$ cat query.txt   # compact mmCIF, C-alpha atoms and all ligand atoms
# COMPACT_ATOMS: atom_id res chain seq x y z
CA MET U 1 66.81 123.73 125.91
CA SER U 2 64.43 121.95 123.57
CA ILE U 3 63.57 124.57 120.99
CA LYS U 4 61.76 123.13 117.98
CA VAL U 5 61.58 125.39 114.96
CA PHE U 6 61.83 122.85 112.16
CA ASP U 7 58.11 122.70 111.40
CA SER U 8 57.66 126.46 111.38
CA LYS U 9 56.72 128.19 108.15
CA GLU U 10 59.84 130.31 108.41
CA VAL U 11 62.15 127.28 108.41
CA GLN U 12 60.19 125.36 105.79
CA ASP U 13 60.28 128.43 103.52
CA LEU U 14 64.01 128.79 104.18
CA LEU U 15 64.63 125.18 103.13
CA LYS U 16 62.64 125.64 99.92
CA ALA U 17 64.49 128.86 99.14
CA ALA U 18 67.92 127.32 99.81
CA ALA U 19 67.19 124.44 97.42
CA ASN U 20 65.58 126.89 94.94
CA LEU U 21 62.42 124.78 94.75
CA GLY U 22 60.42 127.77 93.57
CA SER U 23 62.34 127.94 90.28
CA GLN U 24 62.02 125.82 87.17
CA ASP U 25 65.74 126.23 86.53
CA GLY U 26 68.64 124.11 87.73
CA SER U 27 68.76 120.36 88.14
CA ALA U 28 65.45 119.04 89.51
CA ARG U 29 67.29 116.05 91.01
CA ALA U 30 70.00 118.14 92.67
CA LYS U 31 67.32 120.42 94.10
CA GLU U 32 65.32 117.46 95.42
CA ILE U 33 68.41 115.94 97.07
CA THR U 34 69.64 119.26 98.48
CA HIS U 35 66.23 119.99 99.95
CA ARG U 36 65.99 116.57 101.56
CA LEU U 37 69.52 116.45 102.98
CA LEU U 38 69.31 119.99 104.31
CA SER U 39 65.90 119.25 105.83
CA ASP U 40 67.22 116.13 107.53
CA LEU U 41 70.16 118.14 108.89
CA PHE U 42 67.97 120.94 110.20
CA LYS U 43 65.65 118.41 111.81
CA ALA U 44 68.59 116.65 113.45
CA ILE U 45 69.87 119.99 114.80
CA ASP U 46 66.47 120.59 116.37
CA ASP U 47 66.05 117.03 117.67
CA LEU U 48 69.56 116.73 119.14
CA ASP U 49 69.67 120.39 120.14
CA MET U 50 73.04 120.78 118.42
CA THR U 51 74.89 123.85 119.57
CA PRO U 52 76.49 126.51 117.35
CA ASP U 53 79.87 125.28 118.60
CA GLU U 54 79.04 121.77 117.37
CA ILE U 55 77.85 123.06 114.00
CA TRP U 56 81.02 125.11 113.47
CA ALA U 57 83.18 122.20 114.55
CA GLY U 58 81.41 120.17 111.85
CA VAL U 59 81.90 122.86 109.19
CA THR U 60 85.58 123.13 110.10
CA TYR U 61 85.85 119.35 109.92
CA LEU U 62 84.49 119.37 106.35
CA ASN U 63 87.20 121.84 105.38
CA LYS U 64 89.89 119.56 106.80
CA LEU U 65 88.30 116.54 105.13
CA GLY U 66 88.57 118.26 101.76
CA GLN U 67 92.08 119.56 102.40
CA ASP U 68 93.18 116.03 103.27
CA GLY U 69 91.44 114.63 100.18
CA GLU U 70 89.74 112.05 102.36
CA ALA U 71 86.03 112.33 101.56
CA ALA U 72 86.00 108.94 99.80
CA LEU U 73 88.00 107.39 102.63
CA LEU U 74 85.49 108.67 105.15
CA ALA U 75 82.66 107.31 102.97
CA ALA U 76 84.22 103.86 103.35
CA GLY U 77 84.85 104.29 107.07
CA LEU U 78 81.34 105.45 107.87
CA GLY U 79 79.80 102.49 106.05
CA LEU U 80 78.33 104.63 103.26
CA GLU U 81 80.10 102.57 100.61
CA LYS U 82 78.98 99.33 102.28
CA PHE U 83 75.42 100.67 102.38
CA LEU U 84 75.53 101.07 98.60
CA ASP U 85 76.53 97.39 98.35
CA ILE U 86 73.67 96.38 100.63
CA ARG U 87 71.32 98.28 98.32
CA MET U 88 72.76 96.67 95.17
CA ASP U 89 72.50 93.22 96.78
CA ALA U 90 68.84 93.91 97.56
CA GLU U 91 68.24 95.22 94.02
CA ASP U 92 69.69 92.00 92.62
CA ARG U 93 67.45 89.85 94.83
CA GLU U 94 64.45 91.94 93.79
CA ALA U 95 65.38 91.37 90.12
CA ASP U 96 65.84 87.63 90.78
CA ILE U 97 69.55 87.84 90.04
CA HIS U 98 71.34 85.13 92.02
CA GLY U 99 74.77 83.56 92.00
CA GLY U 100 77.98 85.20 90.98
CA THR U 101 80.90 86.13 93.20
CA PRO U 102 79.67 88.60 95.84
CA ARG U 103 80.45 92.23 95.34
CA THR U 104 82.24 94.30 97.91
CA ILE U 105 83.35 97.91 97.99
CA GLU U 106 85.90 99.42 95.58
CA GLY U 107 87.49 101.78 98.09
CA PRO U 108 89.32 104.97 97.17
CA LEU U 109 92.69 103.63 96.00
CA TYR U 110 92.18 102.24 92.48
CA VAL U 111 94.34 103.63 89.67
CA ALA U 112 93.19 103.07 86.08
CA GLY U 113 95.66 102.32 83.32
CA ALA U 114 97.64 99.31 84.56
CA PRO U 115 99.27 97.37 81.71
CA LEU U 116 97.05 94.58 80.37
CA ARG U 117 98.73 91.16 80.05
CA ASP U 118 97.53 87.89 78.57
CA GLY U 119 96.68 85.31 81.23
CA VAL U 120 99.46 86.07 83.73
CA ALA U 121 100.81 89.29 85.20
CA LYS U 122 103.68 89.96 87.56
CA LEU U 123 102.62 92.84 89.82
CA ASP U 124 105.67 93.49 91.98
CA VAL U 125 107.84 96.11 90.31
CA ASP U 126 109.62 97.23 93.48
CA PRO U 127 111.50 94.92 95.85
CA ASP U 128 109.86 94.52 99.26
CA GLU U 129 112.04 92.64 101.74
CA ASP U 130 109.25 92.14 104.21
CA ALA U 131 106.79 90.56 101.78
CA GLY U 132 106.84 86.94 100.66
CA PRO U 133 105.70 85.86 97.20
CA LEU U 134 102.01 85.31 96.57
CA VAL U 135 100.23 83.84 93.58
CA ILE U 136 96.56 84.61 93.14
CA ARG U 137 94.91 82.66 90.37
CA GLY U 138 91.57 81.36 89.31
CA THR U 139 89.05 80.87 86.57
CA VAL U 140 86.49 83.37 85.42
CA THR U 141 83.19 81.68 84.64
CA GLY U 142 79.61 82.67 84.05
CA THR U 143 76.82 81.53 86.36
CA ASP U 144 76.55 78.57 83.96
CA GLY U 145 80.03 77.50 85.09
CA LYS U 146 81.50 77.93 81.61
CA PRO U 147 84.88 79.70 81.35
CA VAL U 148 84.73 83.28 80.15
CA ALA U 149 87.34 84.14 77.51
CA ASN U 150 88.53 87.73 77.03
CA ALA U 151 87.46 88.76 80.51
CA VAL U 152 89.68 91.43 82.03
CA VAL U 153 90.62 90.91 85.68
CA GLU U 154 92.20 93.90 87.38
CA CYS U 155 93.86 93.64 90.75
CA TRP U 156 95.38 96.11 93.21
CA HIS U 157 96.70 95.84 96.73
CA ALA U 158 99.04 97.25 99.35
CA ASN U 159 102.70 96.44 100.07
CA SER U 160 104.19 95.13 103.33
CA LYS U 161 103.67 98.56 104.93
CA GLY U 162 99.99 98.68 104.03
CA PHE U 163 100.67 101.40 101.43
CA TYR U 164 99.35 101.49 97.86
CA SER U 165 101.43 102.74 94.94
CA HIS U 166 100.36 106.23 93.80
CA PHE U 167 99.05 106.92 97.32
CA ASP U 168 102.19 105.98 99.25
CA PRO U 169 103.01 108.74 101.76
CA THR U 170 106.68 107.68 101.72
CA GLY U 171 106.81 108.09 97.92
CA ALA U 172 108.64 104.77 97.80
CA GLN U 173 106.71 102.89 95.12
CA SER U 174 106.89 102.91 91.33
CA ASP U 175 103.83 103.59 89.22
CA PHE U 176 101.55 100.56 89.13
CA ASN U 177 103.56 98.60 91.68
CA LEU U 178 101.20 95.87 92.95
CA ARG U 179 98.59 96.77 90.34
CA GLY U 180 97.83 94.82 87.20
CA ALA U 181 95.34 93.62 84.63
CA VAL U 182 95.03 90.28 82.89
CA LYS U 183 92.94 89.17 79.93
CA THR U 184 91.68 85.59 80.10
CA GLY U 185 92.16 83.10 77.28
CA ALA U 186 89.74 80.39 76.16
CA ASP U 187 90.11 78.54 79.48
CA GLY U 188 89.04 81.61 81.47
CA THR U 189 92.06 81.53 83.75
CA TYR U 190 93.97 84.47 85.22
CA GLU U 191 97.06 84.61 87.41
CA PHE U 192 98.76 87.37 89.36
CA ARG U 193 102.31 86.84 90.67
CA THR U 194 102.81 89.31 93.44
CA LEU U 195 103.80 89.86 97.08
CA MET U 196 101.77 89.37 100.24
CA PRO U 197 99.98 92.58 101.28
CA VAL U 198 99.54 93.93 104.78
CA GLY U 199 96.39 95.68 105.99
CA TYR U 200 95.82 99.36 105.38
CA GLY U 201 95.54 101.97 108.12
CA CYS U 202 94.08 105.46 107.69
CA PRO U 203 96.58 108.35 107.68
CA PRO U 204 97.04 108.93 111.43
CA HIS U 205 96.67 112.72 111.24
CA GLY U 206 93.96 112.83 108.58
CA ALA U 207 90.35 113.89 108.99
CA THR U 208 89.04 110.32 108.78
CA GLN U 209 91.18 109.03 111.64
CA GLN U 210 90.34 112.19 113.61
CA LEU U 211 86.64 111.36 113.56
CA LEU U 212 87.28 107.66 114.17
CA ASN U 213 89.33 108.58 117.25
CA THR U 214 86.43 110.64 118.55
CA LEU U 215 84.16 107.64 118.06
CA ALA U 216 86.74 105.34 119.72
CA ARG U 217 87.03 103.36 116.47
CA HIS U 218 90.19 102.18 114.73
CA GLY U 219 90.88 102.93 111.08
CA ASN U 220 92.41 99.65 109.95
CA ARG U 221 91.59 97.08 107.34
CA PRO U 222 92.65 93.45 107.24
CA ALA U 223 95.14 92.52 104.49
CA HIS U 224 93.12 92.36 101.27
CA VAL U 225 93.29 92.39 97.49
CA HIS U 226 90.90 94.31 95.24
CA PHE U 227 89.48 93.12 91.94
CA PHE U 228 87.49 94.40 89.02
CA ALA U 229 86.34 91.75 86.55
CA THR U 230 84.75 92.78 83.28
CA SER U 231 83.63 90.95 80.18
CA GLU U 232 81.54 91.96 77.18
CA ASN U 233 78.68 89.64 78.02
CA HIS U 234 78.61 89.96 81.79
CA ARG U 235 78.11 92.57 84.45
CA LYS U 236 81.17 94.21 85.94
CA LEU U 237 82.16 92.77 89.31
CA THR U 238 83.83 94.91 91.98
CA THR U 239 85.14 92.79 94.80
CA GLN U 240 87.98 91.99 97.19
CA ILE U 241 89.44 89.03 99.00
CA ASN U 242 90.81 89.09 102.51
CA ILE U 243 93.98 87.25 103.48
CA GLU U 244 92.92 84.30 105.62
CA GLY U 245 94.12 84.51 109.21
CA ASP U 246 94.32 88.30 109.47
CA PRO U 247 92.97 89.20 112.92
CA LEU U 248 90.98 92.13 111.51
CA ILE U 249 88.97 90.07 109.01
CA TRP U 250 85.80 90.62 111.03
CA ASP U 251 86.87 94.02 112.30
CA ASP U 252 87.37 95.95 109.06
CA PHE U 253 86.89 99.70 109.47
CA ALA U 254 85.36 99.75 105.96
CA TYR U 255 83.01 96.76 106.48
CA ALA U 256 84.05 95.02 103.25
CA THR U 257 84.48 91.47 104.57
CA ARG U 258 82.14 88.77 103.28
CA GLU U 259 82.30 85.12 104.26
CA GLU U 260 82.61 84.01 100.61
CA LEU U 261 85.58 86.31 100.08
CA VAL U 262 88.12 84.74 102.44
CA PRO U 263 89.76 82.06 100.30
CA HIS U 264 92.30 79.64 101.73
CA VAL U 265 95.97 80.54 101.61
CA VAL U 266 98.04 77.48 100.70
CA GLU U 267 101.79 77.09 101.29
CA LYS U 268 103.54 75.93 98.12
CA THR U 269 107.03 75.33 96.75
CA GLY U 270 108.24 75.68 93.19
CA GLY U 271 108.21 79.47 93.14
CA ALA U 272 111.64 79.62 91.49
CA ALA U 273 110.23 78.06 88.33
CA LEU U 274 107.53 80.76 88.29
CA GLY U 275 110.12 83.54 88.59
CA LEU U 276 109.14 84.33 92.20
CA LYS U 277 111.78 85.69 94.57
CA ASP U 278 111.66 82.59 96.81
CA ASP U 279 110.90 78.98 96.07
CA ALA U 280 108.43 78.85 98.95
CA TYR U 281 105.37 80.92 98.23
CA ARG U 282 101.72 81.24 99.11
CA GLU U 283 98.89 80.57 96.72
CA ILE U 284 95.29 81.69 96.73
CA VAL U 285 92.85 80.22 94.27
CA PHE U 286 90.02 82.68 93.76
CA ASP U 287 87.54 81.70 91.08
CA ILE U 288 85.38 84.52 89.83
CA GLN U 289 81.81 83.97 88.70
CA LEU U 290 80.23 86.76 86.66
CA THR U 291 76.53 87.40 86.25
CA PRO U 292 74.82 87.99 82.89
CA LEU U 293 73.92 91.41 81.53
CA VAL U 294 70.43 92.63 82.42
CA GLN U 295 68.39 93.16 79.25
CA GLY U 296 71.65 93.46 77.37
CA LYS U 297 73.01 96.07 79.76
CA ASP U 298 75.66 96.22 82.46
CA ASN U 299 73.90 97.89 85.40
CA GLN U 300 76.99 97.63 87.61
CA ILE U 301 79.07 100.40 86.08
CA VAL U 302 79.66 102.97 88.80
CA HIS U 303 80.87 106.39 87.74
CA ARG U 304 83.10 107.91 90.36
CA PRO U 305 86.20 110.02 89.93
CA ARG U 306 89.16 107.67 89.67
CA VAL U 307 92.83 108.38 89.36
CA SER U 308 94.33 107.23 86.10
CA ALA U 309 97.91 107.06 84.96
CA THR U 310 99.86 105.77 81.97
CA ALA U 311 102.04 102.73 82.39
C1 LIG L 401 91.75 100.74 101.39
O1 LIG L 401 92.76 99.99 100.93
C2 LIG L 401 90.53 100.34 101.11
O2 LIG L 401 90.41 99.24 100.39
C3 LIG L 401 89.42 101.04 101.56
C4 LIG L 401 88.07 100.56 101.28
C5 LIG L 401 89.59 102.19 102.28
C6 LIG L 401 90.84 102.61 102.56
C7 LIG L 401 91.92 101.89 102.12
FE FE L 402 92.26 98.50 99.77
$ encode --input "query.txt" --output "structure tokens" --more "lines below"
Ligand code: MBD
Ligand code: FE
Amino acid sequence: MSIKVFDSKEVQDLLKAAANLGSQDGSARAKEITHRLLSDLFKAIDDLDMTPDEIWAGVTYLNKLGQDGEAALLAAGLGLEKFLDIRMDAEDREADIHGGTPRTIEGPLYVAGAPLRDGVAKLDVDPDEDAGPLVIRGTVTGTDGKPVANAVVECWHANSKGFYSHFDPTGAQSDFNLRGAVKTGADGTYEFRTLMPVGYGCPPHGATQQLLNTLARHGNRPAHVHFFATSENHRKLTTQINIEGDPLIWDDFAYATREELVPHVVEKTGGAALGLKDDAYREIVFDIQLTPLVQGKDNQIVHRPRVSATA
């Protein structure tokens, strides 16, 4: 069957009616987007000759996606969040904005409200037998290379099971375990004393993994650490580092890996003096370079619903 009804007046009128294009009321932008997305869907149904069974399977899937609370997870897994980064990178090039630590996706697991410390923060609240100590430190500078004082570096990552506090299905972690925020001093340095994370995997029975299974894709990320870096006179940076050596570094289901964001992991001793649980520890130096405001404005602030809690 290759029925094509998309271009008919009946369907075109239906699309306009569904998006309420004939009215002056409502949000013009929402109407424009609804009309376009619905049109693209209708056209795809025609072109691919999608069956009613396929359409209802899709509708049912959306219900499960919402029930599982996984829409933002699916957005990462389908590359939608990466696509937004590709667009922001292109926008920067177009505006002649160069330099700065590369951005990469935020992901769905940030929690606002971590306690803010001066210079150094210890992130591990809960013991984790399977995770060795890790120090992540660096200097926040501008593109001029000068240290940025009073920058706030936020950091969040998973435990040795690949679970994040607040989203841990086992309920095992305290609030803000492996999450923290540090304000830089005059030298621009920050330091997080924490434990080595393990890569995240999608909930095995969730809607995201269900679709990935159908596509014969896995739902795993390499071990990684997320950052926000903000400062009054610079644009907000959203980024991550991957843990060097993880076999999934170039096979991330969320496509967040960038060559510049895989710093070396160095074996060190002297952890006892730093208050770490073992004397032997690993260290990652990750310097963060922030870009200037654009005409006095931070054009990198993304509004998305985020969980917040009080420490
Ligand atoms: C994560 O930890 C993550 O960073 C992303 C992008 C998606 C799912 C889990
Ligand atoms: Fe993550």
$ residues_near_ligand --input "query.txt" --ligand "ligand LIG 401 (chain L)" --cutoff "8 Å" --atoms "only C-alpha atoms and all ligand atoms" --output "VMD selection string"
chain U and resid 73 76 to 77 105 to 109 157 to 158 162 164 199 to 202 221 224 to 226 254 256
$ write_last_selection --input "query.txt" --atoms "C-alpha atoms" --output "compact mmCIF listing (two decimals), in the frame of the given file"
# COMPACT_ATOMS: atom_id res chain seq x y z
CA LEU U 73 88.00 107.39 102.63
CA ALA U 76 84.22 103.86 103.35
CA GLY U 77 84.85 104.29 107.07
CA ILE U 105 83.35 97.91 97.99
CA GLU U 106 85.90 99.42 95.58
CA GLY U 107 87.49 101.78 98.09
CA PRO U 108 89.32 104.97 97.17
CA LEU U 109 92.69 103.63 96.00
CA HIS U 157 96.70 95.84 96.73
CA ALA U 158 99.04 97.25 99.35
CA GLY U 162 99.99 98.68 104.03
CA TYR U 164 99.35 101.49 97.86
CA GLY U 199 96.39 95.68 105.99
CA TYR U 200 95.82 99.36 105.38
CA GLY U 201 95.54 101.97 108.12
CA CYS U 202 94.08 105.46 107.69
CA ARG U 221 91.59 97.08 107.34
CA HIS U 224 93.12 92.36 101.27
CA VAL U 225 93.29 92.39 97.49
CA HIS U 226 90.90 94.31 95.24
CA ALA U 254 85.36 99.75 105.96
CA ALA U 256 84.05 95.02 103.25
$ closest_residue --input "query.txt" --among "U:Thr269, U:Gln173, U:Gln289, U:Thr104" --to "ligand FE 402 (chain L)" --atoms "all atoms listed in the file"
U:Thr104
$ closest_residue --input "query.txt" --among "U:Glu232, U:Asp187, U:Asp175, U:Asp252" --to "ligand FE 402 (chain L)" --atoms "all atoms listed in the file"
U:Asp252
$ closest_residue --input "query.txt" --among "U:Gly185, U:Arg282, U:Asn177, U:His205" --to "Glu70 of chain U" --atoms "all atoms listed in the file"
U:His205
$ atom_distance --input "query.txt" --atom1 "atom CA of Thr189 of chain U" --atom2 "atom CA of Pro147 of chain U"
7.8 Å
$ closest_residue --input "query.txt" --among "U:Lys183, U:Arg193, U:Lys43, U:Lys4" --to "Ala121 of chain U" --atoms "all atoms listed in the file"
U:Arg193
$ closest_residue --input "query.txt" --among "U:Ala309, U:Ala181, U:Ile243, U:Leu215" --to "ligand FE 402 (chain L)" --atoms "only C-alpha atoms and all ligand atoms"
U:Ile243
$ build_atoms --input "query.txt" --residues "segment 227-238 of chain U" --atoms "N, CA and C atoms" --output "PDB file, keeping the file's coordinate frame"
ATOM      1  N   PHE U 227      89.665  93.564  93.324  1.00  0.00           N
ATOM      2  CA  PHE U 227      89.480  93.120  91.940  1.00  0.00           C
ATOM      3  C   PHE U 227      88.363  93.890  91.246  1.00  0.00           C
ATOM      4  N   PHE U 228      88.575  94.142  89.964  1.00  0.00           N
ATOM      5  CA  PHE U 228      87.490  94.400  89.020  1.00  0.00           C
ATOM      6  C   PHE U 228      87.529  93.235  88.038  1.00  0.00           C
ATOM      7  N   ALA U 229      86.370  92.728  87.646  1.00  0.00           N
ATOM      8  CA  ALA U 229      86.340  91.750  86.550  1.00  0.00           C
ATOM      9  C   ALA U 229      85.271  92.185  85.571  1.00  0.00           C
ATOM     10  N   THR U 230      85.675  92.321  84.318  1.00  0.00           N
ATOM     11  CA  THR U 230      84.750  92.780  83.280  1.00  0.00           C
ATOM     12  C   THR U 230      84.800  91.823  82.105  1.00  0.00           C
ATOM     13  N   SER U 231      83.697  91.751  81.400  1.00  0.00           N
ATOM     14  CA  SER U 231      83.630  90.950  80.180  1.00  0.00           C
ATOM     15  C   SER U 231      82.457  91.477  79.373  1.00  0.00           C
ATOM     16  N   GLU U 232      82.574  91.395  78.059  1.00  0.00           N
ATOM     17  CA  GLU U 232      81.540  91.960  77.180  1.00  0.00           C
ATOM     18  C   GLU U 232      80.136  91.498  77.517  1.00  0.00           C
ATOM     19  N   ASN U 233      80.017  90.213  77.881  1.00  0.00           N
ATOM     20  CA  ASN U 233      78.680  89.640  78.020  1.00  0.00           C
ATOM     21  C   ASN U 233      78.247  89.440  79.465  1.00  0.00           C
ATOM     22  N   HIS U 234      78.946  90.113  80.377  1.00  0.00           N
ATOM     23  CA  HIS U 234      78.610  89.960  81.790  1.00  0.00           C
ATOM     24  C   HIS U 234      78.643  91.317  82.467  1.00  0.00           C
ATOM     25  N   ARG U 235      78.078  91.343  83.667  1.00  0.00           N
ATOM     26  CA  ARG U 235      78.110  92.570  84.450  1.00  0.00           C
ATOM     27  C   ARG U 235      79.477  92.723  85.124  1.00  0.00           C
ATOM     28  N   LYS U 236      79.912  93.941  85.250  1.00  0.00           N
ATOM     29  CA  LYS U 236      81.170  94.210  85.940  1.00  0.00           C
ATOM     30  C   LYS U 236      81.051  93.785  87.408  1.00  0.00           C
ATOM     31  N   LEU U 237      82.089  93.129  87.897  1.00  0.00           N
ATOM     32  CA  LEU U 237      82.160  92.770  89.310  1.00  0.00           C
ATOM     33  C   LEU U 237      83.234  93.606  89.996  1.00  0.00           C
ATOM     34  N   THR U 238      82.873  94.204  91.107  1.00  0.00           N
ATOM     35  CA  THR U 238      83.830  94.910  91.980  1.00  0.00           C
ATOM     36  C   THR U 238      83.898  94.115  93.262  1.00  0.00           C
TER      37      THR U 238
END
